[in-house]
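> Got model.txt for you, compact mmCIF, C-alpha atoms:
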```
# COMPACT_ATOMS: atom_id res chain seq x y z
CA MET A 95 0.00 0.00 0.00
CA ALA A 96 1.25 3.47 -0.81
CA TYR A 97 1.77 5.64 2.24
CA SER A 98 1.26 9.39 2.03
CA SER A 99 4.36 11.59 2.21
CA LYS A 100 3.30 12.77 5.69
CA VAL A 101 3.09 9.20 6.98
CA ILE A 102 6.52 8.44 5.53
CA ASP A 103 7.96 11.60 7.08
CA HIS A 104 6.66 10.70 10.56
CA TYR A 105 7.66 7.07 10.10
CA GLU A 106 11.22 7.88 9.04
CA ASN A 107 11.66 10.78 11.46
CA PRO A 108 9.33 9.99 14.33
CA ARG A 109 8.95 12.86 16.79
CA ASN A 110 9.16 12.37 20.54
CA VAL A 111 10.04 8.68 20.68
CA GLY A 112 10.85 7.45 24.17
CA SER A 113 9.31 7.37 27.59
CA PHE A 114 8.98 9.24 30.88
CA ASP A 115 9.07 7.75 34.37
CA LYS A 116 5.49 6.66 34.79
CA SER A 117 5.60 7.09 38.58
CA ASP A 118 6.42 10.82 38.18
CA PRO A 119 3.31 12.71 39.41
CA SER A 120 3.51 15.17 36.49
CA VAL A 121 3.34 12.30 33.99
CA GLY A 122 0.21 10.71 32.54
CA THR A 123 0.54 7.37 30.72
CA GLY A 124 -1.85 5.89 28.19
CA MET A 125 -1.46 2.30 26.97
CA VAL A 126 -3.74 0.92 24.29
CA GLY A 127 -3.75 -2.05 21.95
CA ALA A 128 -5.46 -3.16 18.77
CA PRO A 129 -6.24 -6.90 18.89
CA ALA A 130 -7.01 -7.09 15.16
CA CYS A 131 -3.48 -6.17 14.10
CA GLY A 132 -1.57 -6.65 17.37
CA ASP A 133 -0.40 -3.03 17.58
CA VAL A 134 0.64 -1.61 20.96
CA MET A 135 0.85 2.11 21.67
CA LYS A 136 2.19 3.83 24.79
CA LEU A 137 1.73 7.58 24.93
CA GLN A 138 2.91 9.77 27.82
CA ILE A 139 2.38 13.43 28.66
CA LYS A 140 4.23 15.70 31.07
CA VAL A 141 1.94 18.33 32.51
CA ASN A 142 3.05 21.55 34.24
CA ALA A 143 1.45 23.30 37.21
CA GLN A 144 -0.75 25.37 34.89
CA GLY A 145 -2.28 22.21 33.44
CA VAL A 146 -0.44 22.60 30.12
CA ILE A 147 1.18 19.64 28.37
CA GLU A 148 4.85 20.59 28.27
CA ASP A 149 6.17 17.50 26.61
CA ALA A 150 5.03 14.16 25.21
CA ARG A 151 6.60 10.82 24.34
CA PHE A 152 5.46 7.68 22.59
CA LYS A 153 6.48 4.14 21.91
CA THR A 154 4.50 2.27 19.29
CA TYR A 155 4.88 -1.19 17.82
CA GLY A 156 2.80 -1.43 14.70
CA CYS A 157 2.59 -0.43 11.08
CA GLY A 158 3.80 2.86 9.60
CA SER A 159 0.37 4.45 9.98
CA ALA A 160 0.22 3.61 13.69
CA ILE A 161 3.69 5.07 14.27
CA ALA A 162 2.87 8.20 12.27
CA SER A 163 -0.46 8.63 14.11
CA SER A 164 1.21 8.52 17.52
CA SER A 165 4.10 10.74 16.41
CA LEU A 166 1.63 13.35 15.14
CA ALA A 167 -0.47 13.03 18.31
CA THR A 168 2.53 13.88 20.53
CA GLU A 169 3.32 16.91 18.36
CA TRP A 170 -0.23 18.17 18.51
CA MET A 171 -0.55 17.70 22.26
CA LYS A 172 2.47 19.78 23.21
CA GLY A 173 1.52 23.27 24.40
CA LYS A 174 -2.15 22.33 24.79
CA THR A 175 -4.13 22.22 28.02
CA LEU A 176 -5.64 18.85 28.97
CA GLU A 177 -9.05 20.14 27.91
CA GLU A 178 -7.72 21.20 24.51
CA ALA A 179 -5.77 18.01 23.97
CA GLU A 180 -8.75 15.80 24.63
CA GLN A 181 -10.56 17.50 21.76
CA ILE A 182 -8.14 15.90 19.28
CA ARG A 183 -10.13 13.47 17.15
CA ASN A 184 -9.02 10.48 15.16
CA THR A 185 -10.65 12.01 12.07
CA GLN A 186 -8.28 15.00 12.29
CA ILE A 187 -5.27 12.69 12.55
CA ALA A 188 -6.51 10.55 9.67
CA GLU A 189 -7.10 13.64 7.54
CA GLU A 190 -3.71 15.19 8.30
CA LEU A 191 -1.91 11.95 7.43
CA ALA A 192 -4.24 11.13 4.51
CA LEU A 193 -4.81 7.64 5.94
CA PRO A 194 -6.73 5.22 3.70
CA PRO A 195 -9.93 3.68 5.14
CA VAL A 196 -8.19 0.42 6.11
CA LYS A 197 -5.78 2.40 8.30
CA ILE A 198 -8.35 4.53 10.12
CA HIS A 199 -8.08 2.21 13.13
CA CYS A 200 -4.48 3.44 13.59
CA SER A 201 -5.78 6.96 14.17
CA ILE A 202 -8.42 5.57 16.55
CA LEU A 203 -5.63 3.94 18.53
CA ALA A 204 -3.87 7.34 18.79
CA GLU A 205 -7.04 9.15 19.91
CA ASP A 206 -7.69 6.50 22.56
CA ALA A 207 -4.06 6.71 23.74
CA ILE A 208 -4.40 10.50 24.16
CA LYS A 209 -7.58 10.04 26.21
CA ALA A 210 -6.02 7.27 28.29
CA ALA A 211 -2.94 9.40 29.09
CA ILE A 212 -5.11 12.36 30.13
CA ALA A 213 -7.35 10.10 32.23
CA ASP A 214 -4.29 8.61 33.95
CA TYR A 215 -2.93 12.08 34.79
CA ARG A 216 -6.32 13.16 36.18
CA ARG A 217 -6.61 9.99 38.23
CA LYS A 218 -3.21 10.64 39.78
CA HIS A 219 -4.31 14.13 40.81
CA GLY A 220 -7.80 13.24 41.93
CA LEU A 221 -9.31 15.39 39.19
CA ALA A 222 -12.76 14.77 37.82
CA PRO A 223 -12.68 12.31 34.91
CA ALA A 224 -13.49 13.46 31.42
CA THR A 225 -17.18 13.69 30.59
CA GLU A 226 -16.96 10.81 28.16
CA ALA A 227 -15.26 7.47 28.47
CA ALA A 228 -12.43 6.71 26.06
CA GLY A 229 -13.88 6.09 22.65
CA GLY A 230 -17.40 6.75 23.91
CA GLY A 231 -17.96 9.87 21.85
CA ARG A 232 -16.39 8.56 18.71
CA LYS A 233 -18.37 8.02 15.60
CA ALA A 234 -17.78 4.76 13.81
CA ALA A 235 -15.02 5.31 11.29
CA MET B 42 -26.98 -16.95 11.68
CA SER B 43 -25.51 -20.27 10.61
CA ASN B 44 -24.23 -22.50 13.36
CA HIS B 45 -21.09 -24.26 12.20
CA PHE B 46 -21.29 -26.84 14.97
CA GLU B 47 -24.77 -27.93 13.88
CA LEU B 48 -23.57 -28.39 10.32
CA PHE B 49 -21.22 -31.12 11.60
CA GLY B 50 -23.55 -32.48 14.27
CA LEU B 51 -21.16 -31.38 17.03
CA ALA B 52 -21.93 -29.89 20.43
CA PRO B 53 -21.11 -26.15 20.52
CA LYS B 54 -18.02 -26.31 22.72
CA TYR B 55 -14.67 -24.55 22.69
CA ALA B 56 -12.81 -27.65 23.84
CA LEU B 57 -13.49 -29.37 20.56
CA ASP B 58 -12.33 -32.88 19.69
CA ALA B 59 -10.19 -32.16 16.62
CA GLU B 60 -10.51 -35.73 15.35
CA ALA B 61 -14.30 -35.70 15.63
CA LEU B 62 -14.37 -32.41 13.72
CA GLU B 63 -12.16 -33.84 10.99
CA ARG B 64 -14.30 -36.98 10.69
CA ALA B 65 -17.51 -34.94 10.49
CA TRP B 66 -16.03 -32.63 7.87
CA ARG B 67 -14.88 -35.60 5.75
CA ALA B 68 -18.34 -37.15 6.01
CA VAL B 69 -20.03 -33.96 4.82
CA GLN B 70 -17.52 -33.56 1.99
CA ALA B 71 -18.04 -37.17 0.89
CA SER B 72 -21.81 -36.71 0.80
CA VAL B 73 -21.59 -33.66 -1.45
CA HIS B 74 -18.66 -34.82 -3.59
CA PRO B 75 -19.07 -33.86 -7.29
CA ASP B 76 -18.67 -37.53 -8.33
CA ARG B 77 -21.94 -38.34 -6.58
CA TYR B 78 -23.72 -35.68 -8.61
CA ALA B 79 -22.22 -36.49 -11.99
CA ALA B 80 -25.58 -37.64 -13.27
CA ALA B 81 -27.61 -35.02 -11.43
CA GLY B 82 -29.08 -31.85 -12.86
CA ALA B 83 -27.26 -28.52 -12.93
CA ALA B 84 -29.22 -27.12 -9.97
CA GLU B 85 -28.36 -30.12 -7.79
CA ARG B 86 -24.70 -29.91 -8.75
CA ARG B 87 -24.67 -26.23 -7.84
CA ALA B 88 -26.30 -26.96 -4.51
CA ALA B 89 -23.72 -29.66 -3.77
CA LEU B 90 -20.90 -27.27 -4.60
CA ALA B 91 -22.39 -24.63 -2.30
CA TRP B 92 -22.61 -27.16 0.53
CA SER B 93 -19.04 -28.20 -0.05
CA ALA B 94 -17.84 -24.59 0.13
CA ARG B 95 -19.86 -23.95 3.27
CA ALA B 96 -18.49 -27.07 4.95
CA ASN B 97 -14.92 -26.04 4.12
CA GLU B 98 -15.45 -22.57 5.53
CA ALA B 99 -17.06 -23.94 8.70
CA TYR B 100 -14.25 -26.49 9.12
CA ARG B 101 -11.60 -23.79 8.70
CA MET B 102 -13.25 -21.59 11.32
CA LEU B 103 -13.85 -24.33 13.88
CA LYS B 104 -10.27 -25.56 13.59
CA ASP B 105 -8.88 -22.09 14.31
CA PRO B 106 -8.66 -21.27 18.06
CA VAL B 107 -9.54 -17.59 17.61
CA GLU B 108 -12.24 -18.07 14.98
CA ARG B 109 -13.87 -20.91 16.95
CA ALA B 110 -14.08 -18.67 20.02
CA ARG B 111 -15.44 -15.77 17.96
CA HIS B 112 -18.09 -18.05 16.49
CA LEU B 113 -19.18 -19.24 19.94
CA LEU B 114 -19.27 -15.63 21.17
CA GLU B 115 -21.29 -14.63 18.13
CA LEU B 116 -23.78 -17.42 18.84
CA ALA B 117 -24.04 -16.02 22.40
CA GLY B 118 -24.50 -12.48 21.08
CA VAL B 119 -21.17 -11.15 22.37
CA ASP B 120 -18.87 -9.03 20.17
CA PRO B 121 -15.17 -9.03 21.23
CA ARG B 122 -14.73 -5.71 19.34
CA PHE B 123 -11.36 -6.41 17.75
CA GLU B 124 -11.48 -3.28 15.62
CA THR B 125 -12.99 -0.67 17.88
CA ASP B 126 -12.08 -1.38 21.51
CA THR B 127 -8.46 -0.46 22.28
CA ALA B 128 -8.62 -0.80 26.08
CA MET B 129 -6.70 -3.83 27.37
CA PRO B 130 -5.21 -4.74 30.75
CA GLU B 131 -2.15 -2.58 31.37
CA ALA B 132 0.07 -5.44 32.57
CA PHE B 133 -0.74 -7.35 29.38
CA LEU B 134 0.18 -4.40 27.16
CA GLU B 135 3.37 -3.73 29.16
CA ARG B 136 4.46 -7.32 28.54
CA GLN B 137 3.56 -7.00 24.86
CA LEU B 138 5.80 -3.92 24.59
CA GLU B 139 8.66 -5.78 26.29
CA LEU B 140 8.26 -8.78 24.00
CA ARG B 141 8.26 -6.57 20.92
CA GLU B 142 11.39 -4.79 22.10
CA ALA B 143 13.05 -8.16 22.68
CA LEU B 144 11.92 -9.29 19.21
CA ALA B 145 13.41 -6.17 17.59
CA GLU B 146 16.71 -6.76 19.39
CA ALA B 147 16.86 -10.44 18.52
CA ARG B 148 16.03 -9.67 14.90
CA ALA B 149 18.74 -6.98 14.69
CA ALA B 150 21.27 -9.37 16.24
CA ARG B 151 20.06 -12.27 14.04
CA ASP B 152 19.88 -14.28 17.24
CA ALA B 153 17.99 -17.43 16.19
CA ALA B 154 18.12 -19.00 19.66
CA ARG B 155 16.55 -15.92 21.25
CA LEU B 156 13.86 -15.81 18.54
CA ALA B 157 13.04 -19.46 19.24
CA GLN B 158 12.83 -18.71 22.96
CA LEU B 159 10.50 -15.73 22.37
CA ARG B 160 8.35 -17.84 20.08
CA GLU B 161 8.04 -20.53 22.76
CA GLU B 162 7.04 -17.96 25.39
CA VAL B 163 4.37 -16.44 23.13
CA LEU B 164 2.99 -19.85 22.15
CA ALA B 165 2.85 -20.92 25.82
CA ALA B 166 0.95 -17.73 26.67
CA ALA B 167 -1.45 -18.47 23.79
CA ARG B 168 -2.02 -22.05 25.01
CA ALA B 169 -2.78 -20.73 28.50
CA ARG B 170 -5.40 -18.38 26.99
CA GLU B 171 -6.97 -21.24 25.04
CA ALA B 172 -7.33 -23.31 28.20
CA ALA B 173 -8.85 -20.35 30.03
CA ILE B 174 -11.26 -19.63 27.17
CA ALA B 175 -12.47 -23.24 27.26
CA GLU B 176 -13.15 -22.90 30.98
CA ARG B 177 -14.95 -19.54 30.58
CA ILE B 178 -17.17 -20.66 27.68
CA ASP B 179 -17.76 -24.37 28.28
CA VAL B 180 -17.95 -24.39 32.07
CA ALA B 181 -18.64 -20.91 33.48
CA ARG B 182 -20.62 -19.63 30.43
CA ASP B 183 -18.93 -16.29 31.10
CA TYR B 184 -18.87 -14.89 27.57
CA ALA B 185 -17.67 -11.40 28.52
CA GLY B 186 -14.74 -12.95 30.38
CA ALA B 187 -14.04 -15.18 27.38
CA ALA B 188 -14.14 -12.18 25.02
CA ALA B 189 -11.36 -10.45 27.00
CA LEU B 190 -9.23 -13.60 26.70
CA VAL B 191 -9.95 -13.97 22.98
CA ARG B 192 -8.71 -10.42 22.44
CA GLU B 193 -5.45 -11.35 24.15
CA LEU B 194 -5.19 -14.60 22.19
CA GLN B 195 -5.57 -12.74 18.89
CA PHE B 196 -2.88 -10.29 20.04
CA LEU B 197 -0.49 -13.13 20.89
CA ARG B 198 -1.15 -14.78 17.56
CA ARG B 199 -0.19 -11.66 15.65
CA LEU B 200 3.01 -11.48 17.68
CA ALA B 201 3.78 -15.16 16.98
CA GLN B 202 3.31 -14.43 13.27
CA GLU B 203 5.78 -11.55 13.49
CA ILE B 204 8.31 -13.81 15.17
CA ASP B 205 7.84 -16.40 12.44
CA ASP B 206 8.35 -13.72 9.80
CA ALA B 207 11.58 -12.71 11.53
CA HIS B 208 12.67 -16.36 11.48
CA ALA B 209 12.04 -16.75 7.77
CA PRO B 210 15.17 -16.52 5.61
CA GLU B 211 15.38 -13.25 3.74
```
If you convert what's in this file into structure tokens, what do you get?

Amino acid sequence: MAYSSKVIDHYENPRNVGSFDKSDPSVGTGMVGAPACGDVMKLQIKVNAQGVIEDARFKTYGCGSAIASSSLATEWMKGKTLEEAEQIRNTQIAEELALPPVKIHCSILAEDAIKAAIADYRRKHGLAPATEAAGGGRKAA
Amino acid sequence: MSNHFELFGLAPKYALDAEALERAWRAVQASVHPDRYAAAGAAERRAALAWSARANEAYRMLKDPVERARHLLELAGVDPRFETDTAMPEAFLERQLELREALAEARAARDAARLAQLREEVLAAARAREAAIAERIDVARDYAGAAALVRELQFLRRLAQEIDDAHAPE
């Protein structure tokens, strides 16, 4: 399958690969998996005292589209508040990367990883959970 | 919905007797073999062919540990949501990440012994899931619990495939 130039760029030069110490209170960790293709995605955010995401890291084992989706997600999250970051939708990721329909689930994985990381950070700080459960507000792709 | 177990006259169980399945499949295939319909009309021959194809498909699914579980879940009205549900137990995903890192290292080092060791670990984990699925479906009738295990089994199978691909000569 032909990948778009943006997918290839993120795949060959992935942004923010790595991990933070998950026991650090300023870190939120999201781990998700896709049984159908066996992809695993770990996405972490570092949040400052103002509730802004200062930095993000990811580790993804999967196809090029899954790696590109998580790389893009970490880029988009940086500088956003938790509330802003949780507005990121898989459809935006899929559009930006020009993902074909069979690869839409890779962008879903990234959206769910974002939500899981934010939920983990909130849990650590006793903050109210998001109004919707991970994936709950998503339209079928 | 068609019940593949009924087609072969078998009880709908996960712990399936592979030999009984094979015998039943051969019996169905023999009864619809084209030779038996050589003198029959075109409509009958078509029907026999359709039965033969259906029996092959049912046999393929029942033989496969993931597909057999999915079929039993489907009969019970439970969807394991392979495509849409990305939430899985954290410890399971952590281990999957570790195994994939180990696979990448072994592949880079062309370490055949390590690849074989990883493959054995993944296959053992898959066998443990299969035993647990049989207990959940056949004994406890806990289909939601079985669905969670089937998701893990499918995950492990994809990983085993990747290891096999790494093993294959380039």
> Could you please determine the separation between CA of Tyr97 in chain A and CA of Arg199 in chain B in Å, to one decimal place?
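Separation of CA of Tyr97 in chain A and CA of Arg199 in chain B: 22.0 Å.
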> Can you measure CA of Phe123 in chain B to CA of Ala130 in chain A for me? One decimal in Å is fine.
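Value for the CA of Phe123 in chain B-CA of Ala130 in chain A distance: 5.1 Å.
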> Could you give me, as a list in words, the residues that have an atom at most 7 Å away from the point (-2.5, 5.2, 18.3) in the coordinates of the file, using all atoms listed in the file?
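Taken together, the residues in range are Met135, Ala160, Ser163, Ser164, Cys200, Ser201, Ile202, Leu203, Ala204, Glu205, Asp206 and Ala207 of chain A.
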> Report the distance between CA of Arg77 in chain B and CA of Asp58 in chain B in Å, rounded to one decimal place.
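Answer for the CA of Arg77 in chain B to CA of Asp58 in chain B separation: 28.5 Å.
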> Output the contact residues of chain A with respect to chain B at a cut-off of 6 Å, based on only C-alpha atoms, as a PyMOL selection string.
chain A and resi 126-130+132
> Excluding Val111 in chain A and its own-chain neighbours fewer than 3 positions away, which residues fall within 8 Å of it when counting all atoms listed in the file? Please give them as a short mmCIF file (atom, residue, chain, number, x, y, z; two decimals) with C-alpha atoms, in the frame of the given file.

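Result written to out_12.cif:
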```cif
data_model
loop_
_atom_site.label_atom_id
_atom_site.label_comp_id
_atom_site.auth_asym_id
_atom_site.auth_seq_id
_atom_site.Cartn_x
_atom_site.Cartn_y
_atom_site.Cartn_z
CA PRO A 108 9.33 9.99 14.33
CA ARG A 151 6.60 10.82 24.34
CA PHE A 152 5.46 7.68 22.59
CA LYS A 153 6.48 4.14 21.91
CA SER A 165 4.10 10.74 16.41
#
```
> Would you list the residues near (-2.2, 6.4, 32.1) (no more than 12 Å away, in the coordinates of the file, using all atoms listed in the file) as a PyMOL selection string?
(chain A and resi 114-126+135-140+206-219+228) or (chain B and resi 128+130-131+135)
> With only C-alpha atoms as the basis for distance, which of A:Asp133, A:Met171, A:Asn107, A:Ser99 is at the shortest distance from Asp149 in chain A?
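Closest to Asp149 in chain A of all the choices is A:Met171.
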> Excluding range 59-65 of chain B and its own-chain neighbours fewer than 4 positions away, which residues fall within 8 Å of it when counting all atoms listed in the file? Please give them as a ChimeraX atom specification.
/B:49-51,69,100,104
> Please write the residues from the selection above to a file, keeping C-alpha atoms, as an mmCIF file, in the frame of the given file.

```
data_model
loop_
_atom_site.group_PDB
_atom_site.id
_atom_site.type_symbol
_atom_site.label_atom_id
_atom_site.label_comp_id
_atom_site.auth_asym_id
_atom_site.auth_seq_id
_atom_site.Cartn_x
_atom_site.Cartn_y
_atom_site.Cartn_z
ATOM 1 C CA PHE B 49 -21.220 -31.120 11.600
ATOM 2 C CA GLY B 50 -23.550 -32.480 14.270
ATOM 3 C CA LEU B 51 -21.160 -31.380 17.030
ATOM 4 C CA VAL B 69 -20.030 -33.960 4.820
ATOM 5 C CA TYR B 100 -14.250 -26.490 9.120
ATOM 6 C CA LYS B 104 -10.270 -25.560 13.590
#
```
> Which residues come within 10 Å of Ser93 in chain B, counting all atoms listed in the file, excluding same-chain residues fewer than 6 positions away, as a PDB file with C-alpha atoms, in the coordinates of the input?

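Written file, part-v7.pdb:
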```pdb
ATOM      1  CA  TRP B  66     -16.030 -32.630   7.870  1.00  0.00           C
ATOM      2  CA  VAL B  69     -20.030 -33.960   4.820  1.00  0.00           C
ATOM      3  CA  GLN B  70     -17.520 -33.560   1.990  1.00  0.00           C
ATOM      4  CA  ALA B  71     -18.040 -37.170   0.890  1.00  0.00           C
ATOM      5  CA  SER B  72     -21.810 -36.710   0.800  1.00  0.00           C
ATOM      6  CA  VAL B  73     -21.590 -33.660  -1.450  1.00  0.00           C
ATOM      7  CA  HIS B  74     -18.660 -34.820  -3.590  1.00  0.00           C
ATOM      8  CA  PRO B  75     -19.070 -33.860  -7.290  1.00  0.00           C
ATOM      9  CA  ARG B  87     -24.670 -26.230  -7.840  1.00  0.00           C
ATOM     10  CA  ALA B  99     -17.060 -23.940   8.700  1.00  0.00           C
TER      11      ALA B  99
END
```
